[in-house]
$ cat upload.pdb   # PDB, C-alpha atoms and all ligand atoms
ATOM      1  CA  MET A   1      88.626  86.633 120.006  1.00  0.00           C
ATOM      2  CA  THR A   2      85.640  86.366 117.707  1.00  0.00           C
ATOM      3  CA  ILE A   3      85.910  86.606 113.938  1.00  0.00           C
ATOM      4  CA  LYS A   4      84.145  89.950 114.106  1.00  0.00           C
ATOM      5  CA  ASN A   5      86.661  91.322 116.615  1.00  0.00           C
ATOM      6  CA  ASN A   6      89.514  90.101 114.462  1.00  0.00           C
ATOM      7  CA  ILE A   7      88.153  91.803 111.355  1.00  0.00           C
ATOM      8  CA  VAL A   8      87.649  95.060 113.222  1.00  0.00           C
ATOM      9  CA  ARG A   9      91.116  94.866 114.775  1.00  0.00           C
ATOM     10  CA  TYR A  10      92.858  94.282 111.437  1.00  0.00           C
ATOM     11  CA  THR A  11      90.798  96.862 109.599  1.00  0.00           C
ATOM     12  CA  GLN A  12      91.702  99.470 112.183  1.00  0.00           C
ATOM     13  CA  SER A  13      95.374  98.610 112.469  1.00  0.00           C
ATOM     14  CA  LEU A  14      96.302  98.343 108.791  1.00  0.00           C
ATOM     15  CA  PRO A  15      97.454 101.588 107.155  1.00  0.00           C
ATOM     16  CA  PRO A  16      95.022 103.218 104.671  1.00  0.00           C
ATOM     17  CA  GLY A  17      96.942 101.981 101.615  1.00  0.00           C
ATOM     18  CA  CYS A  18      96.843  98.342 102.678  1.00  0.00           C
ATOM     19  CA  ALA A  19      93.800  96.125 102.067  1.00  0.00           C
ATOM     20  CA  LEU A  20      92.821  93.108 104.139  1.00  0.00           C
ATOM     21  CA  ILE A  21      92.148  89.893 102.240  1.00  0.00           C
ATOM     22  CA  ALA A  22      90.467  87.475 104.636  1.00  0.00           C
ATOM     23  CA  VAL A  23      91.732  84.037 103.631  1.00  0.00           C
ATOM     24  CA  SER A  24      88.724  81.764 104.005  1.00  0.00           C
ATOM     25  CA  LYS A  25      90.048  78.610 102.314  1.00  0.00           C
ATOM     26  CA  THR A  26      88.718  75.450 104.006  1.00  0.00           C
ATOM     27  CA  GLN A  27      86.499  77.585 106.275  1.00  0.00           C
ATOM     28  CA  PRO A  28      82.743  76.948 106.342  1.00  0.00           C
ATOM     29  CA  ILE A  29      80.159  79.373 104.954  1.00  0.00           C
ATOM     30  CA  GLU A  30      79.018  80.401 108.457  1.00  0.00           C
ATOM     31  CA  LYS A  31      82.454  81.740 109.353  1.00  0.00           C
ATOM     32  CA  ILE A  32      82.592  83.761 106.147  1.00  0.00           C
ATOM     33  CA  GLN A  33      79.139  85.139 106.895  1.00  0.00           C
ATOM     34  CA  GLU A  34      80.379  86.240 110.297  1.00  0.00           C
ATOM     35  CA  ALA A  35      83.256  88.148 108.715  1.00  0.00           C
ATOM     36  CA  TYR A  36      80.879  89.572 106.120  1.00  0.00           C
ATOM     37  CA  ALA A  37      78.562  90.821 108.857  1.00  0.00           C
ATOM     38  CA  ALA A  38      81.559  92.632 110.350  1.00  0.00           C
ATOM     39  CA  GLY A  39      81.982  94.486 107.065  1.00  0.00           C
ATOM     40  CA  GLN A  40      84.625  92.342 105.357  1.00  0.00           C
ATOM     41  CA  ARG A  41      84.158  92.064 101.579  1.00  0.00           C
ATOM     42  CA  ALA A  42      87.481  90.732 100.235  1.00  0.00           C
ATOM     43  CA  PHE A  43      88.029  87.002 100.703  1.00  0.00           C
ATOM     44  CA  GLY A  44      90.854  84.727  99.524  1.00  0.00           C
ATOM     45  CA  GLU A  45      90.535  81.135  98.379  1.00  0.00           C
ATOM     46  CA  ASN A  46      93.084  78.765  96.878  1.00  0.00           C
ATOM     47  CA  LYS A  47      90.880  76.153  95.169  1.00  0.00           C
ATOM     48  CA  ALA A  48      88.809  77.105  92.128  1.00  0.00           C
ATOM     49  CA  GLN A  49      85.827  74.836  92.763  1.00  0.00           C
ATOM     50  CA  GLU A  50      85.651  75.697  96.447  1.00  0.00           C
ATOM     51  CA  MET A  51      85.650  79.374  95.522  1.00  0.00           C
ATOM     52  CA  ALA A  52      82.926  78.871  92.903  1.00  0.00           C
ATOM     53  CA  ARG A  53      80.761  76.995  95.384  1.00  0.00           C
ATOM     54  CA  LYS A  54      81.147  79.698  98.033  1.00  0.00           C
ATOM     55  CA  HIS A  55      80.511  82.429  95.476  1.00  0.00           C
ATOM     56  CA  GLU A  56      77.207  80.783  94.652  1.00  0.00           C
ATOM     57  CA  GLN A  57      76.119  80.555  98.269  1.00  0.00           C
ATOM     58  CA  LEU A  58      77.225  83.969  99.521  1.00  0.00           C
ATOM     59  CA  PRO A  59      76.316  87.625  98.827  1.00  0.00           C
ATOM     60  CA  LYS A  60      77.324  88.813  95.372  1.00  0.00           C
ATOM     61  CA  ASP A  61      79.165  91.912  96.539  1.00  0.00           C
ATOM     62  CA  ILE A  62      81.982  89.762  97.920  1.00  0.00           C
ATOM     63  CA  GLN A  63      85.270  90.247  96.082  1.00  0.00           C
ATOM     64  CA  TRP A  64      86.857  86.853  95.554  1.00  0.00           C
ATOM     65  CA  HIS A  65      90.662  86.684  95.421  1.00  0.00           C
ATOM     66  CA  MET A  66      92.333  83.578  94.019  1.00  0.00           C
ATOM     67  CA  ILE A  67      95.511  83.315  96.077  1.00  0.00           C
ATOM     68  CA  GLY A  68      96.632  79.756  95.394  1.00  0.00           C
ATOM     69  CA  HIS A  69      98.334  77.985  92.549  1.00  0.00           C
ATOM     70  CA  LEU A  70      95.753  77.944  89.747  1.00  0.00           C
ATOM     71  CA  GLN A  71      95.743  75.157  87.162  1.00  0.00           C
ATOM     72  CA  THR A  72      94.816  76.208  83.630  1.00  0.00           C
ATOM     73  CA  ASN A  73      91.948  73.707  83.443  1.00  0.00           C
ATOM     74  CA  LYS A  74      90.326  75.303  86.530  1.00  0.00           C
ATOM     75  CA  VAL A  75      90.274  78.912  85.320  1.00  0.00           C
ATOM     76  CA  LYS A  76      86.828  78.468  83.753  1.00  0.00           C
ATOM     77  CA  TYR A  77      85.192  77.885  87.142  1.00  0.00           C
ATOM     78  CA  ILE A  78      86.116  81.321  88.476  1.00  0.00           C
ATOM     79  CA  ALA A  79      86.430  83.461  85.318  1.00  0.00           C
ATOM     80  CA  PRO A  80      82.833  84.798  85.493  1.00  0.00           C
ATOM     81  CA  PHE A  81      83.305  86.486  88.863  1.00  0.00           C
ATOM     82  CA  VAL A  82      86.868  86.395  90.272  1.00  0.00           C
ATOM     83  CA  HIS A  83      88.053  89.823  91.446  1.00  0.00           C
ATOM     84  CA  LEU A  84      91.828  89.331  91.343  1.00  0.00           C
ATOM     85  CA  ILE A  85      94.104  86.359  90.606  1.00  0.00           C
ATOM     86  CA  HIS A  86      97.209  86.694  92.788  1.00  0.00           C
ATOM     87  CA  GLY A  87      99.308  83.714  91.777  1.00  0.00           C
ATOM     88  CA  VAL A  88      99.908  83.959  88.031  1.00  0.00           C
ATOM     89  CA  ASP A  89     103.157  82.129  87.376  1.00  0.00           C
ATOM     90  CA  SER A  90     103.256  81.347  83.641  1.00  0.00           C
ATOM     91  CA  LEU A  91     102.393  82.823  80.259  1.00  0.00           C
ATOM     92  CA  LYS A  92     100.339  79.703  79.620  1.00  0.00           C
ATOM     93  CA  LEU A  93      98.119  80.458  82.623  1.00  0.00           C
ATOM     94  CA  LEU A  94      97.851  84.127  81.676  1.00  0.00           C
ATOM     95  CA  THR A  95      96.781  83.116  78.160  1.00  0.00           C
ATOM     96  CA  GLU A  96      94.075  80.822  79.511  1.00  0.00           C
ATOM     97  CA  ILE A  97      92.816  83.530  81.904  1.00  0.00           C
ATOM     98  CA  ASP A  98      92.630  85.884  78.909  1.00  0.00           C
ATOM     99  CA  LYS A  99      90.643  83.338  76.920  1.00  0.00           C
ATOM    100  CA  GLN A 100      88.145  82.640  79.702  1.00  0.00           C
ATOM    101  CA  ALA A 101      87.821  86.346  80.549  1.00  0.00           C
ATOM    102  CA  GLY A 102      87.024  87.000  76.878  1.00  0.00           C
ATOM    103  CA  LYS A 103      84.287  84.372  76.936  1.00  0.00           C
ATOM    104  CA  ASN A 104      82.776  86.187  79.900  1.00  0.00           C
ATOM    105  CA  ASN A 105      83.179  89.596  78.301  1.00  0.00           C
ATOM    106  CA  ARG A 106      85.370  90.924  81.043  1.00  0.00           C
ATOM    107  CA  ILE A 107      88.900  91.909  81.916  1.00  0.00           C
ATOM    108  CA  ILE A 108      90.413  89.945  84.787  1.00  0.00           C
ATOM    109  CA  PRO A 109      93.032  91.691  86.952  1.00  0.00           C
ATOM    110  CA  CYS A 110      96.090  89.544  87.776  1.00  0.00           C
ATOM    111  CA  LEU A 111      99.231  89.705  89.877  1.00  0.00           C
ATOM    112  CA  LEU A 112     102.457  88.012  88.854  1.00  0.00           C
ATOM    113  CA  GLN A 113     103.786  85.746  91.576  1.00  0.00           C
ATOM    114  CA  VAL A 114     107.479  86.274  92.159  1.00  0.00           C
ATOM    115  CA  HIS A 115     109.574  83.635  93.869  1.00  0.00           C
ATOM    116  CA  ILE A 116     111.341  85.379  96.741  1.00  0.00           C
ATOM    117  CA  ALA A 117     111.609  82.551  99.285  1.00  0.00           C
ATOM    118  CA  GLU A 118     114.513  80.177  99.759  1.00  0.00           C
ATOM    119  CA  GLU A 119     112.283  77.119  99.597  1.00  0.00           C
ATOM    120  CA  GLU A 120     112.149  75.311  96.278  1.00  0.00           C
ATOM    121  CA  THR A 121     108.492  74.467  96.722  1.00  0.00           C
ATOM    122  CA  LYS A 122     107.012  77.936  96.377  1.00  0.00           C
ATOM    123  CA  PHE A 123     105.695  78.741  92.909  1.00  0.00           C
ATOM    124  CA  GLY A 124     106.515  81.856  90.984  1.00  0.00           C
ATOM    125  CA  PHE A 125     108.620  83.634  88.397  1.00  0.00           C
ATOM    126  CA  SER A 126     112.168  84.739  89.027  1.00  0.00           C
ATOM    127  CA  ILE A 127     112.800  88.456  88.593  1.00  0.00           C
ATOM    128  CA  HIS A 128     114.493  87.677  85.306  1.00  0.00           C
ATOM    129  CA  GLU A 129     111.481  85.690  84.089  1.00  0.00           C
ATOM    130  CA  VAL A 130     109.121  88.558  84.912  1.00  0.00           C
ATOM    131  CA  GLN A 131     111.242  90.906  82.801  1.00  0.00           C
ATOM    132  CA  GLU A 132     111.203  88.357  79.982  1.00  0.00           C
ATOM    133  CA  LEU A 133     107.429  88.049  80.182  1.00  0.00           C
ATOM    134  CA  LEU A 134     106.996  91.815  80.064  1.00  0.00           C
ATOM    135  CA  ARG A 135     109.090  91.906  76.867  1.00  0.00           C
ATOM    136  CA  ASN A 136     107.211  89.006  75.287  1.00  0.00           C
ATOM    137  CA  ASP A 137     105.229  90.028  72.191  1.00  0.00           C
ATOM    138  CA  ALA A 138     102.568  87.449  73.066  1.00  0.00           C
ATOM    139  CA  LEU A 139     101.434  89.770  75.859  1.00  0.00           C
ATOM    140  CA  SER A 140     100.157  92.341  73.365  1.00  0.00           C
ATOM    141  CA  ASN A 141      97.511  89.875  72.128  1.00  0.00           C
ATOM    142  CA  LEU A 142      95.999  89.458  75.575  1.00  0.00           C
ATOM    143  CA  ASN A 143      93.213  92.015  75.745  1.00  0.00           C
ATOM    144  CA  HIS A 144      91.169  90.500  78.566  1.00  0.00           C
ATOM    145  CA  ILE A 145      93.735  90.576  81.347  1.00  0.00           C
ATOM    146  CA  ARG A 146      95.406  93.394  83.279  1.00  0.00           C
ATOM    147  CA  ILE A 147      98.555  92.793  85.232  1.00  0.00           C
ATOM    148  CA  ILE A 148      98.175  95.192  88.143  1.00  0.00           C
ATOM    149  CA  GLY A 149     101.076  94.185  90.365  1.00  0.00           C
ATOM    150  CA  LEU A 150     103.109  91.491  92.081  1.00  0.00           C
ATOM    151  CA  MET A 151     102.560  88.864  94.759  1.00  0.00           C
ATOM    152  CA  GLY A 152     105.156  87.072  96.879  1.00  0.00           C
ATOM    153  CA  MET A 153     105.516  84.701  99.802  1.00  0.00           C
ATOM    154  CA  ALA A 154     108.451  84.828 102.173  1.00  0.00           C
ATOM    155  CA  THR A 155     110.300  81.789 103.459  1.00  0.00           C
ATOM    156  CA  PHE A 156     108.497  79.998 106.298  1.00  0.00           C
ATOM    157  CA  THR A 157     110.993  80.721 109.054  1.00  0.00           C
ATOM    158  CA  ASP A 158     111.369  82.356 112.463  1.00  0.00           C
ATOM    159  CA  ASN A 159     114.223  84.408 111.075  1.00  0.00           C
ATOM    160  CA  MET A 160     112.409  87.707 110.664  1.00  0.00           C
ATOM    161  CA  GLU A 161     115.488  89.391 109.229  1.00  0.00           C
ATOM    162  CA  GLN A 162     115.354  87.000 106.336  1.00  0.00           C
ATOM    163  CA  VAL A 163     111.624  87.569 105.856  1.00  0.00           C
ATOM    164  CA  GLN A 164     112.231  91.313 105.852  1.00  0.00           C
ATOM    165  CA  LYS A 165     115.030  90.945 103.325  1.00  0.00           C
ATOM    166  CA  GLU A 166     112.776  88.950 100.992  1.00  0.00           C
ATOM    167  CA  PHE A 167     109.849  91.379 101.197  1.00  0.00           C
ATOM    168  CA  ARG A 168     112.247  94.283 100.696  1.00  0.00           C
ATOM    169  CA  SER A 169     113.672  92.717  97.554  1.00  0.00           C
ATOM    170  CA  LEU A 170     110.165  92.260  96.137  1.00  0.00           C
ATOM    171  CA  LYS A 171     109.273  95.871  96.908  1.00  0.00           C
ATOM    172  CA  GLN A 172     112.505  96.979  95.252  1.00  0.00           C
ATOM    173  CA  PHE A 173     111.662  95.038  92.101  1.00  0.00           C
ATOM    174  CA  PHE A 174     108.133  96.467  92.179  1.00  0.00           C
ATOM    175  CA  THR A 175     109.590  99.995  92.270  1.00  0.00           C
ATOM    176  CA  THR A 176     111.986  99.161  89.449  1.00  0.00           C
ATOM    177  CA  LEU A 177     109.052  98.071  87.303  1.00  0.00           C
ATOM    178  CA  GLN A 178     107.083 101.200  88.186  1.00  0.00           C
ATOM    179  CA  ASN A 179     109.958 103.220  86.801  1.00  0.00           C
ATOM    180  CA  GLN A 180     110.365 101.431  83.500  1.00  0.00           C
ATOM    181  CA  PRO A 181     108.204 101.493  80.359  1.00  0.00           C
ATOM    182  CA  LEU A 182     105.530  98.784  80.581  1.00  0.00           C
ATOM    183  CA  PRO A 183     103.177  97.180  78.046  1.00  0.00           C
ATOM    184  CA  LYS A 184      99.668  98.637  77.853  1.00  0.00           C
ATOM    185  CA  GLN A 185      98.134  95.768  79.878  1.00  0.00           C
ATOM    186  CA  VAL A 186     100.506  96.307  82.777  1.00  0.00           C
ATOM    187  CA  VAL A 187     100.400  98.776  85.641  1.00  0.00           C
ATOM    188  CA  MET A 188     102.277  98.324  88.914  1.00  0.00           C
ATOM    189  CA  GLN A 189      99.755  99.260  91.608  1.00  0.00           C
ATOM    190  CA  GLU A 190      99.361  96.349  93.982  1.00  0.00           C
ATOM    191  CA  LEU A 191     101.933  94.490  96.019  1.00  0.00           C
ATOM    192  CA  SER A 192     100.370  91.451  97.689  1.00  0.00           C
ATOM    193  CA  MET A 193     102.587  90.237 100.528  1.00  0.00           C
ATOM    194  CA  GLY A 194     102.132  89.219 104.134  1.00  0.00           C
ATOM    195  CA  MET A 195     100.215  86.438 105.936  1.00  0.00           C
ATOM    196  CA  SER A 196      99.234  85.865 109.579  1.00  0.00           C
ATOM    197  CA  GLY A 197     102.803  85.201 110.684  1.00  0.00           C
ATOM    198  CA  ASP A 198     104.625  87.966 108.830  1.00  0.00           C
ATOM    199  CA  TYR A 199     102.137  90.659 107.788  1.00  0.00           C
ATOM    200  CA  GLU A 200     103.570  93.314 110.111  1.00  0.00           C
ATOM    201  CA  ILE A 201     106.909  93.118 108.350  1.00  0.00           C
ATOM    202  CA  ALA A 202     105.198  93.047 104.960  1.00  0.00           C
ATOM    203  CA  VAL A 203     103.249  96.206 105.787  1.00  0.00           C
ATOM    204  CA  LYS A 204     106.436  97.974 106.881  1.00  0.00           C
ATOM    205  CA  GLU A 205     108.054  96.947 103.612  1.00  0.00           C
ATOM    206  CA  GLY A 206     105.256  98.421 101.515  1.00  0.00           C
ATOM    207  CA  SER A 207     102.556  95.769 101.083  1.00  0.00           C
ATOM    208  CA  THR A 208      99.241  97.008  99.647  1.00  0.00           C
ATOM    209  CA  MET A 209      97.380  93.742 100.354  1.00  0.00           C
ATOM    210  CA  VAL A 210      97.835  91.321 103.228  1.00  0.00           C
ATOM    211  CA  ARG A 211      96.345  87.825 103.022  1.00  0.00           C
ATOM    212  CA  ILE A 212      95.329  86.762 106.535  1.00  0.00           C
ATOM    213  CA  GLY A 213      93.676  83.448 107.327  1.00  0.00           C
ATOM    214  CA  THR A 214      94.476  81.719 110.606  1.00  0.00           C
ATOM    215  CA  SER A 215      94.575  84.804 112.801  1.00  0.00           C
ATOM    216  CA  ILE A 216      91.074  85.763 111.656  1.00  0.00           C
ATOM    217  CA  PHE A 217      89.301  82.417 111.391  1.00  0.00           C
ATOM    218  CA  GLY A 218      91.423  80.124 113.550  1.00  0.00           C
ATOM    219  CA  GLU A 219      93.185  76.966 112.440  1.00  0.00           C
ATOM    220  CA  ARG A 220      92.094  75.351 109.215  1.00  0.00           C
ATOM    221  CA  ASN A 221      90.522  71.940 109.386  1.00  0.00           C
ATOM    222  CA  TYR A 222      91.437  70.319 106.091  1.00  0.00           C
ATOM    223  CA  ALA A 223      89.711  67.068 106.914  1.00  0.00           C
ATOM    224  CA  SER A 224      86.287  68.750 107.086  1.00  0.00           C
ATOM    225  CA  VAL A 225      86.453  70.274 103.630  1.00  0.00           C
ATOM    226  CA  ASN A 226      84.515  68.819 100.811  1.00  0.00           C
ATOM    227  CA  LEU A 227      86.334  69.952  97.684  1.00  0.00           C
ATOM    228  CA  GLN A 228      83.894  68.559  95.154  1.00  0.00           C
TER
HETATM  229  C1  LIG A 301      96.715  80.092 103.151  1.00  0.00           C
HETATM  230  C2  LIG A 301      97.376  81.276 102.527  1.00  0.00           C
HETATM  231  C3  LIG A 301      97.472  82.511 103.218  1.00  0.00           C
HETATM  232  C4  LIG A 301      96.972  82.711 104.640  1.00  0.00           C
HETATM  233  O1  LIG A 301      97.806  82.077 105.539  1.00  0.00           O
HETATM  234  P1  LIG A 301      97.629  82.282 107.141  1.00  0.00           P
HETATM  235  O2  LIG A 301      98.934  81.875 107.677  1.00  0.00           O
HETATM  236  O3  LIG A 301      96.511  81.404 107.551  1.00  0.00           O
HETATM  237  O4  LIG A 301      97.321  83.723 107.363  1.00  0.00           O
HETATM  238  C5  LIG A 301      98.057  83.568 102.563  1.00  0.00           C
HETATM  239  N1  LIG A 301      98.536  83.458 101.308  1.00  0.00           N
HETATM  240  C6  LIG A 301      98.464  82.294 100.620  1.00  0.00           C
HETATM  241  C7  LIG A 301      99.009  82.247  99.252  1.00  0.00           C
HETATM  242  C8  LIG A 301      97.904  81.176 101.208  1.00  0.00           C
HETATM  243  O5  LIG A 301      97.846  80.031 100.521  1.00  0.00           O
END
$ encode --input "upload.pdb" --output "structure tokens" --more "lines below"
Ligand SMILES: *Cc1c(COP(=O)(O)O)cnc(C)c1O
Amino acid sequence: MTIKNNIVRYTQSLPPGCALIAVSKTQPIEKIQEAYAAGQRAFGENKAQEMARKHEQLPKDIQWHMIGHLQTNKVKYIAPFVHLIHGVDSLKLLTEIDKQAGKNNRIIPCLLQVHIAEEETKFGFSIHEVQELLRNDALSNLNHIRIIGLMGMATFTDNMEQVQKEFRSLKQFFTTLQNQPLPKQVVMQELSMGMSGDYEIAVKEGSTMVRIGTSIFGERNYASVNLQ
């Protein structure tokens, strides 16, 4: 399968309410150009400098999604152009995004990452911590961010029942938030869940954005990436 075929296949098979984020982390410019030529405009990266470098080299109508764990000292590299930051997992990070967005005279859309997996290693807020954040007065001073939804990663397992249970719990929490009063910077519109191995379940459970890398571009070759 070529990259072009993969893009076309995903675009046609995803339901209308679900966007395809082509995860291009570690992939060379030429592969991204191939996906771009097939009509793909939303790309996901997980390293700030790599994203900034690719943004410079590629067409400016690409929407860049930061899907990885973002360190506060790296926000400045992507603040001028980033389309959506998926993995916000602390008030500290949100505050820095607000600051850098302000410097660039823009409002940066963000998703709160919620920890739904069993593994300890995955980043994210607990459901309780999200509720705490939404009640935090500090949020009302942040005028250059919008929280537009939630992001989650399921446990890396072959047990698809467990994956389904985790996605379902995130969707349930998403719905709960939609039905409660929210601060003015918050609107629950997007639910980013699903990767190459589990996107079909995620879509069934109500995902509005799937983040697909390997099954579009092939395996990642970490050794070939120059992260400078
Ligand atoms: C790498 C990555 C993906 C894509 O994973 P694939 O298995 O290659 O589809 C999705 N989401 C996040 C957060 C990632 O880091």
$ resolve_selection --input "upload.pdb" --expression "the PyMOL selection byres (((chain A and resi 109) around 12) and not hetatm)" --output "PyMOL selection string"
chain A and resi 64-66+79+81-88+94+97-98+101+106-108+110-112+142-150+185-190
$ write_last_selection --input "upload.pdb" --atoms "C-alpha atoms" --output "PDB file, keeping the file's coordinate frame"
ATOM      1  CA  TRP A  64      86.857  86.853  95.554  1.00  0.00           C
ATOM      2  CA  HIS A  65      90.662  86.684  95.421  1.00  0.00           C
ATOM      3  CA  MET A  66      92.333  83.578  94.019  1.00  0.00           C
ATOM      4  CA  ALA A  79      86.430  83.461  85.318  1.00  0.00           C
ATOM      5  CA  PHE A  81      83.305  86.486  88.863  1.00  0.00           C
ATOM      6  CA  VAL A  82      86.868  86.395  90.272  1.00  0.00           C
ATOM      7  CA  HIS A  83      88.053  89.823  91.446  1.00  0.00           C
ATOM      8  CA  LEU A  84      91.828  89.331  91.343  1.00  0.00           C
ATOM      9  CA  ILE A  85      94.104  86.359  90.606  1.00  0.00           C
ATOM     10  CA  HIS A  86      97.209  86.694  92.788  1.00  0.00           C
ATOM     11  CA  GLY A  87      99.308  83.714  91.777  1.00  0.00           C
ATOM     12  CA  VAL A  88      99.908  83.959  88.031  1.00  0.00           C
ATOM     13  CA  LEU A  94      97.851  84.127  81.676  1.00  0.00           C
ATOM     14  CA  ILE A  97      92.816  83.530  81.904  1.00  0.00           C
ATOM     15  CA  ASP A  98      92.630  85.884  78.909  1.00  0.00           C
ATOM     16  CA  ALA A 101      87.821  86.346  80.549  1.00  0.00           C
ATOM     17  CA  ARG A 106      85.370  90.924  81.043  1.00  0.00           C
ATOM     18  CA  ILE A 107      88.900  91.909  81.916  1.00  0.00           C
ATOM     19  CA  ILE A 108      90.413  89.945  84.787  1.00  0.00           C
ATOM     20  CA  CYS A 110      96.090  89.544  87.776  1.00  0.00           C
ATOM     21  CA  LEU A 111      99.231  89.705  89.877  1.00  0.00           C
ATOM     22  CA  LEU A 112     102.457  88.012  88.854  1.00  0.00           C
ATOM     23  CA  LEU A 142      95.999  89.458  75.575  1.00  0.00           C
ATOM     24  CA  ASN A 143      93.213  92.015  75.745  1.00  0.00           C
ATOM     25  CA  HIS A 144      91.169  90.500  78.566  1.00  0.00           C
ATOM     26  CA  ILE A 145      93.735  90.576  81.347  1.00  0.00           C
ATOM     27  CA  ARG A 146      95.406  93.394  83.279  1.00  0.00           C
ATOM     28  CA  ILE A 147      98.555  92.793  85.232  1.00  0.00           C
ATOM     29  CA  ILE A 148      98.175  95.192  88.143  1.00  0.00           C
ATOM     30  CA  GLY A 149     101.076  94.185  90.365  1.00  0.00           C
ATOM     31  CA  LEU A 150     103.109  91.491  92.081  1.00  0.00           C
ATOM     32  CA  GLN A 185      98.134  95.768  79.878  1.00  0.00           C
ATOM     33  CA  VAL A 186     100.506  96.307  82.777  1.00  0.00           C
ATOM     34  CA  VAL A 187     100.400  98.776  85.641  1.00  0.00           C
ATOM     35  CA  MET A 188     102.277  98.324  88.914  1.00  0.00           C
ATOM     36  CA  GLN A 189      99.755  99.260  91.608  1.00  0.00           C
ATOM     37  CA  GLU A 190      99.361  96.349  93.982  1.00  0.00           C
TER      38      GLU A 190
END
$ resolve_selection --input "upload.pdb" --expression "the PyMOL selection byres (((not hetatm)) within 6 of (chain A and resi 301))" --output "PyMOL selection string"
chain A and resi 23+67-68+195-197+211-214
$ closest_residue --input "upload.pdb" --among "A:Ala117, A:Lys184, A:Leu177, A:Ile127" --to "Thr155 of chain A" --atoms "all atoms listed in the file"
A:Ala117
$ closest_residue --input "upload.pdb" --among "A:Ile116, A:Leu91, A:Leu70, A:Ala19" --to "Lys165 of chain A" --atoms "all atoms listed in the file"
A:Ile116
$ residues_near_point --input "upload.pdb" --point "(109.5, 88.2, 103.5)" --cutoff "10 Å" --atoms "all atoms listed in the file" --output "list in words"
Ile116, Ala117, Gly152, Met153, Ala154, Thr155, Phe156, Thr157, Asn159, Met160, Glu161, Gln162, Val163, Gln164, Lys165, Glu166, Phe167, Arg168, Ser169, Leu170, Met193, Gly194, Met195, Asp198, Tyr199, Ile201, Ala202 and Glu205 of chain A
$ atom_distance --input "upload.pdb" --atom1 "atom CA of Glu56 of chain A" --atom2 "atom CA of Thr72 of chain A"
21.3 Å
$ atom_distance --input "upload.pdb" --atom1 "atom CA of Gln12 of chain A" --atom2 "atom CA of Asn46 of chain A"
25.8 Å
$ resolve_selection --input "upload.pdb" --expression "the PyMOL selection byres (((chain A and resi 126) around 10) and not hetatm)" --output "PyMOL selection string"
chain A and resi 89+113-116+123-125+127-132
$ atom_distance --input "upload.pdb" --atom1 "atom CA of Ala38 of chain A" --atom2 "atom CA of Lys4 of chain A"
5.3 Å
$ closest_residue --input "upload.pdb" --among "A:Val210, A:Val8, A:Leu182, A:Ile216" --to "Asn136 of chain A" --atoms "only C-alpha atoms"
A:Leu182
$ axis_aligned_box --input "upload.pdb" --around "segment 115-119 of chain A" --padding-each-side "6 Å" --output "JSON"
{"center_x": 112.0, "center_y": 81.2, "center_z": 96.8, "size_x": 16.9, "size_y": 20.3, "size_z": 17.9}
$ residues_around --input "upload.pdb" --residues "Arg41 of chain A" --least-positions-apart "5" --cutoff "7 Å" --atoms "all atoms listed in the file" --output "list of chain:residue names"
A:Tyr36, A:Ile62, A:Gln63
$ residues_around --input "upload.pdb" --residues "Phe217 of chain A" --least-positions-apart "3" --cutoff "10 Å" --atoms "all atoms listed in the file" --output "MDAnalysis selection string"
chainID A and resid 1:4 6:7 22:25 27:28 31:32 34:35 212:214 220
$ write_last_selection --input "upload.pdb" --atoms "C-alpha atoms" --output "PDB file, in the coordinates of the input"
ATOM      1  CA  MET A   1      88.626  86.633 120.006  1.00  0.00           C
ATOM      2  CA  THR A   2      85.640  86.366 117.707  1.00  0.00           C
ATOM      3  CA  ILE A   3      85.910  86.606 113.938  1.00  0.00           C
ATOM      4  CA  LYS A   4      84.145  89.950 114.106  1.00  0.00           C
ATOM      5  CA  ASN A   6      89.514  90.101 114.462  1.00  0.00           C
ATOM      6  CA  ILE A   7      88.153  91.803 111.355  1.00  0.00           C
ATOM      7  CA  ALA A  22      90.467  87.475 104.636  1.00  0.00           C
ATOM      8  CA  VAL A  23      91.732  84.037 103.631  1.00  0.00           C
ATOM      9  CA  SER A  24      88.724  81.764 104.005  1.00  0.00           C
ATOM     10  CA  LYS A  25      90.048  78.610 102.314  1.00  0.00           C
ATOM     11  CA  GLN A  27      86.499  77.585 106.275  1.00  0.00           C
ATOM     12  CA  PRO A  28      82.743  76.948 106.342  1.00  0.00           C
ATOM     13  CA  LYS A  31      82.454  81.740 109.353  1.00  0.00           C
ATOM     14  CA  ILE A  32      82.592  83.761 106.147  1.00  0.00           C
ATOM     15  CA  GLU A  34      80.379  86.240 110.297  1.00  0.00           C
ATOM     16  CA  ALA A  35      83.256  88.148 108.715  1.00  0.00           C
ATOM     17  CA  ILE A 212      95.329  86.762 106.535  1.00  0.00           C
ATOM     18  CA  GLY A 213      93.676  83.448 107.327  1.00  0.00           C
ATOM     19  CA  THR A 214      94.476  81.719 110.606  1.00  0.00           C
ATOM     20  CA  ARG A 220      92.094  75.351 109.215  1.00  0.00           C
TER      21      ARG A 220
END
$ residues_around --input "upload.pdb" --residues "Leu14 of chain A" --least-positions-apart "6" --cutoff "9 Å" --atoms "all atoms listed in the file" --output "list in words"
Leu20, Glu200 and Val203 of chain A
$ write_last_selection --input "upload.pdb" --atoms "C-alpha atoms" --output "compact mmCIF listing (two decimals), in the frame of the given file"
# COMPACT_ATOMS: atom_id res chain seq x y z
CA LEU A 20 92.82 93.11 104.14
CA GLU A 200 103.57 93.31 110.11
CA VAL A 203 103.25 96.21 105.79
$ closest_residue --input "upload.pdb" --among "A:Gln100, A:Asn221, A:Ser192, A:Ser13" --to "Lys76 of chain A" --atoms "all atoms listed in the file"
A:Gln100
$ closest_residue --input "upload.pdb" --among "A:Thr26, A:Asn105, A:Gln57, A:Gln33" --to "Glu45 of chain A" --atoms "all atoms listed in the file"
A:Thr26
$ closest_residue --input "upload.pdb" --among "A:Ile29, A:Tyr77, A:Pro183, A:Lys60" --to "Ser140 of chain A" --atoms "all atoms listed in the file"
A:Pro183
